[in-house]
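Quick look at my_file12.cif (mmCIF, C-alpha atoms):
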```cif
data_work
loop_
_atom_site.label_atom_id
_atom_site.label_comp_id
_atom_site.auth_asym_id
_atom_site.auth_seq_id
_atom_site.Cartn_x
_atom_site.Cartn_y
_atom_site.Cartn_z
CA MET A 6 2.50 -0.31 -11.80
CA ILE A 7 6.19 -0.83 -11.09
CA THR A 8 7.43 -3.61 -13.36
CA HIS A 9 11.08 -3.38 -12.36
CA LEU A 10 13.01 -1.50 -9.71
CA PRO A 11 15.38 1.28 -10.80
CA HIS A 12 19.03 0.74 -9.93
CA ASP A 13 19.14 3.61 -7.44
CA TRP A 14 16.45 2.04 -5.25
CA ALA A 15 17.26 0.16 -2.05
CA THR A 16 15.29 -2.92 -1.03
CA CYS A 17 14.85 -5.26 1.89
CA THR A 18 12.29 -7.72 3.19
CA MET A 19 10.61 -7.99 6.54
CA ASP A 20 8.54 -10.67 8.18
CA THR A 21 5.03 -9.73 9.25
CA PRO A 22 2.20 -11.73 10.80
CA LEU A 23 0.68 -11.90 7.29
CA GLY A 24 3.79 -12.95 5.42
CA GLU A 25 6.95 -11.44 4.10
CA LEU A 26 6.88 -7.87 2.75
CA ARG A 27 9.38 -6.57 0.23
CA LEU A 28 10.09 -2.88 0.75
CA ALA A 29 11.68 -0.52 -1.76
CA ALA A 30 12.96 3.01 -1.27
CA SER A 31 13.89 5.53 -3.93
CA PRO A 32 15.97 8.61 -3.22
CA ARG A 33 12.61 10.42 -2.63
CA GLY A 34 11.06 8.03 -0.11
CA LEU A 35 9.34 4.70 0.38
CA ALA A 36 8.17 3.60 -3.05
CA GLY A 37 7.05 0.01 -2.61
CA ALA A 38 5.67 -2.48 -0.09
CA TRP A 39 4.54 -5.78 -1.59
CA PHE A 40 3.75 -9.16 -0.09
CA THR A 41 6.27 -11.56 -1.60
CA THR A 42 3.70 -14.31 -2.02
CA ALA A 43 0.35 -14.09 -3.79
CA GLN A 44 0.81 -10.50 -4.92
CA VAL A 45 1.02 -10.63 -8.70
CA ASP A 46 1.76 -6.93 -9.20
CA ALA A 47 5.03 -7.00 -7.23
CA PRO A 48 8.09 -6.39 -9.39
CA PRO A 49 10.32 -9.44 -9.68
CA ASP A 50 13.32 -9.82 -7.41
CA ASP A 51 16.25 -8.71 -9.51
CA GLY A 52 18.88 -10.23 -7.24
CA ARG A 53 20.26 -6.98 -5.88
CA PRO A 54 21.71 -7.23 -2.38
CA PRO A 55 19.30 -6.06 0.32
CA SER A 56 19.90 -2.73 2.05
CA PRO A 57 18.21 -3.17 5.43
CA GLU A 58 20.26 -0.31 6.91
CA HIS A 59 18.86 2.24 4.44
CA PRO A 60 17.27 5.01 6.60
CA THR A 61 13.92 5.02 4.77
CA LEU A 62 13.67 1.24 4.95
CA THR A 63 14.63 1.23 8.63
CA GLN A 64 11.91 3.80 9.36
CA ALA A 65 9.35 1.86 7.29
CA ARG A 66 10.11 -1.42 9.08
CA ALA A 67 9.72 0.29 12.47
CA ALA A 68 6.39 1.85 11.42
CA LEU A 69 5.06 -1.44 10.05
CA THR A 70 6.19 -3.33 13.15
CA ALA A 71 4.29 -0.82 15.31
CA TYR A 72 1.24 -1.15 13.05
CA PHE A 73 1.19 -4.94 13.40
CA ALA A 74 1.57 -4.51 17.17
CA GLY A 75 -1.76 -2.67 17.13
CA GLN A 76 -0.48 0.89 17.39
CA ALA A 77 -2.83 3.13 15.43
CA GLU A 78 -0.31 5.84 14.68
CA PRO A 79 -0.46 7.06 11.08
CA PHE A 80 2.47 6.25 8.85
CA ASP A 81 4.67 9.34 8.91
CA LEU A 82 7.00 8.35 6.11
CA ALA A 83 8.33 10.17 3.07
CA LEU A 84 6.67 8.47 0.11
CA ASP A 85 7.56 8.36 -3.56
CA LEU A 86 4.40 7.88 -5.61
CA SER A 87 6.00 8.98 -8.88
CA CYS A 88 5.36 5.57 -10.47
CA GLY A 89 1.68 6.48 -10.79
CA THR A 90 -0.20 8.69 -13.17
CA PRO A 91 -1.62 11.94 -11.79
CA PHE A 92 -5.02 10.20 -11.48
CA GLN A 93 -3.52 7.24 -9.59
CA GLN A 94 -1.60 9.58 -7.32
CA ALA A 95 -4.82 11.45 -6.50
CA VAL A 96 -6.54 8.17 -5.62
CA TRP A 97 -3.60 6.98 -3.52
CA GLU A 98 -3.50 10.32 -1.72
CA ALA A 99 -7.22 10.02 -0.94
CA LEU A 100 -6.60 6.55 0.52
CA ARG A 101 -4.03 8.03 2.89
CA HIS A 102 -6.83 10.07 4.47
CA ILE A 103 -8.93 7.06 5.48
CA PRO A 104 -8.47 6.91 9.25
CA TYR A 105 -7.26 3.82 11.04
CA GLY A 106 -10.25 1.68 11.92
CA ALA A 107 -12.51 3.25 9.28
CA THR A 108 -13.53 2.23 5.78
CA ARG A 109 -14.67 3.92 2.61
CA THR A 110 -16.31 2.71 -0.57
CA TYR A 111 -14.90 3.04 -4.06
CA ARG A 112 -17.63 5.60 -4.79
CA GLU A 113 -16.63 7.66 -1.74
CA ILE A 114 -13.02 7.72 -2.95
CA ALA A 115 -14.14 8.73 -6.46
CA THR A 116 -16.23 11.53 -4.98
CA ALA A 117 -13.37 12.64 -2.71
CA ILE A 118 -11.11 13.22 -5.71
CA GLY A 119 -13.85 15.04 -7.64
CA ARG A 120 -14.47 12.20 -10.10
CA ALA A 121 -17.73 10.69 -8.82
CA GLN A 122 -18.42 8.88 -12.11
CA ALA A 123 -14.97 7.26 -12.27
CA VAL A 124 -15.65 4.47 -9.77
CA ARG A 125 -14.18 1.71 -11.95
CA ALA A 126 -11.08 3.76 -12.76
CA VAL A 127 -10.68 4.41 -9.04
CA GLY A 128 -10.88 0.65 -8.46
CA ARG A 129 -8.13 0.05 -11.02
CA ALA A 130 -5.94 2.73 -9.45
CA ILE A 131 -6.46 1.22 -6.00
CA GLY A 132 -5.51 -2.18 -7.40
CA GLN A 133 -2.18 -0.73 -8.56
CA ASN A 134 -1.28 0.82 -5.21
CA PRO A 135 2.45 0.11 -4.78
CA LEU A 136 2.43 0.59 -1.01
CA SER A 137 0.37 -2.13 0.65
CA ILE A 138 -0.71 -1.25 4.19
CA VAL A 139 1.11 2.13 4.17
CA ILE A 140 -1.46 3.44 1.69
CA PRO A 141 -4.45 1.65 3.19
CA CYS A 142 -6.28 0.27 0.17
CA HIS A 143 -7.43 -2.58 2.43
CA ARG A 144 -9.87 -0.06 3.96
CA VAL A 145 -11.87 0.24 0.74
CA LEU A 146 -15.02 -1.85 0.48
CA GLY A 147 -17.72 -2.42 -2.10
CA SER A 148 -20.77 -0.15 -2.00
CA ASP A 149 -22.69 -2.87 -0.12
CA GLY A 150 -19.91 -3.20 2.48
CA SER A 151 -18.54 -6.38 0.93
CA LEU A 152 -14.88 -7.24 0.74
CA THR A 153 -13.61 -6.79 -2.77
CA GLY A 154 -10.24 -7.33 -4.40
CA TYR A 155 -6.96 -6.83 -2.62
CA ALA A 156 -3.62 -7.44 -4.34
CA GLY A 157 -2.32 -9.28 -1.28
CA GLY A 158 -5.40 -11.53 -1.17
CA LEU A 159 -8.75 -11.27 0.59
CA ASP A 160 -7.54 -13.28 3.59
CA ARG A 161 -4.91 -10.60 4.23
CA LYS A 162 -7.49 -7.85 3.72
CA ARG A 163 -9.75 -9.49 6.33
CA ALA A 164 -6.83 -9.81 8.74
CA LEU A 165 -5.77 -6.16 8.29
CA LEU A 166 -9.32 -4.95 8.87
CA ALA A 167 -9.63 -7.19 11.95
CA LEU A 168 -6.33 -5.82 13.29
CA GLU A 169 -7.86 -2.34 13.03
CA GLY A 170 -11.04 -3.46 14.79
CA ILE A 171 -13.21 -3.46 11.65
CA ARG A 172 -15.62 -6.39 11.45
#
```

Would you mind writing the file out in structure tokens?
Amino acid sequence: MITHLPHDWATCTMDTPLGELRLAASPRGLAGAWFTTAQVDAPPDDGRPPSPEHPTLTQARAALTAYFAGQAEPFDLALDLSCGTPFQQAVWEALRHIPYGATRTYREIATAIGRAQAVRAVGRAIGQNPLSIVIPCHRVLGSDGSLTGYAGGLDRKRALLALEGIR
């Protein structure tokens, strides 16, 4: 989990239909996308001036705007997942392979990374995903198909799934 943003990262916010998102880019790529309200794992605002013209942030805002407009194109962004452990990075990478409009269970993600017995650890790693929406942790459901935790709140998870045509 990112508890503070390094000084060489650029940040900006963007309005979305589900609330304001704070975006962060490192020199390696997009490193954070957090809802500014009701997301307890977002690093605190450190008062740095926003950098909306940063190329990575400009590209991320365009991709997220298209996503919220219903365009199913995958996010083709350079990402920096270095804040995670190797296990977390493997989980986050597996999430990236869940197609738009599809869901997976925590067990299916655990199996996909070769750790079928690590379902709870997979759940914790998903809960620490620093890139809401871009790494689609909202597409992960309980084994019975139920909605389970989402750092941005279950109402947002429902809305994201509905946007993708998942009932």

Which residues, named as in the file, does the PyMOL selection byres ((chain A and resi 90-96) around 7) pick out? Answer as a short mmCIF file (atom, residue, chain, number, x, y, z; two decimals) with C-alpha atoms, keeping the file's coordinate frame.
```cif
data_model
loop_
_atom_site.label_atom_id
_atom_site.label_comp_id
_atom_site.auth_asym_id
_atom_site.auth_seq_id
_atom_site.Cartn_x
_atom_site.Cartn_y
_atom_site.Cartn_z
CA LEU A 86 4.40 7.88 -5.61
CA CYS A 88 5.36 5.57 -10.47
CA GLY A 89 1.68 6.48 -10.79
CA TRP A 97 -3.60 6.98 -3.52
CA GLU A 98 -3.50 10.32 -1.72
CA ALA A 99 -7.22 10.02 -0.94
CA LEU A 100 -6.60 6.55 0.52
CA ILE A 118 -11.11 13.22 -5.71
CA VAL A 127 -10.68 4.41 -9.04
CA ALA A 130 -5.94 2.73 -9.45
CA ILE A 131 -6.46 1.22 -6.00
#
```

With a distance cut-off of 12 Å and all atoms listed in the file, select the neighbouring residues of Ser151 (chain A), excluding the residue or stretch itself and same-chain residues fewer than 2 positions from it, and output the selection as a ChimeraX atom specification. /A:108-111,143-149,153-154,159,162-163,172

Please indicate the distance in Å from CA of Ala15 (chain A) to CA of Ala30 (chain A), rounded to one decimal place.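 Here the two named atoms are 5.2 Å from each other.
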
Could you list, as a PyMOL selection string, every residue matched by the PyMOL selection byres ((chain A and resi 66-73) around 12) in this structure? chain A and resi 16-30+35+38+57-65+74-83+105-106+136-141+164-169

Take CA of Pro48 (chain A) and CA of Arg129 (chain A) and report the distance between them in Å, one decimal.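 So the two atoms, CA of Pro48 (chain A) and CA of Arg129 (chain A), lie 17.5 Å apart.
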
Taking the file as shown, what set of residues would the PyMOL selection byres ((chain A and resi 33) around 7) give back, as JSON, numbers by chain? {"A": [31, 32, 34, 84, 85]}

Figure out the distance between CA of Ala107 (chain A) and CA of Gln122 (chain A), please, to one decimal in Å. 22.9 Å
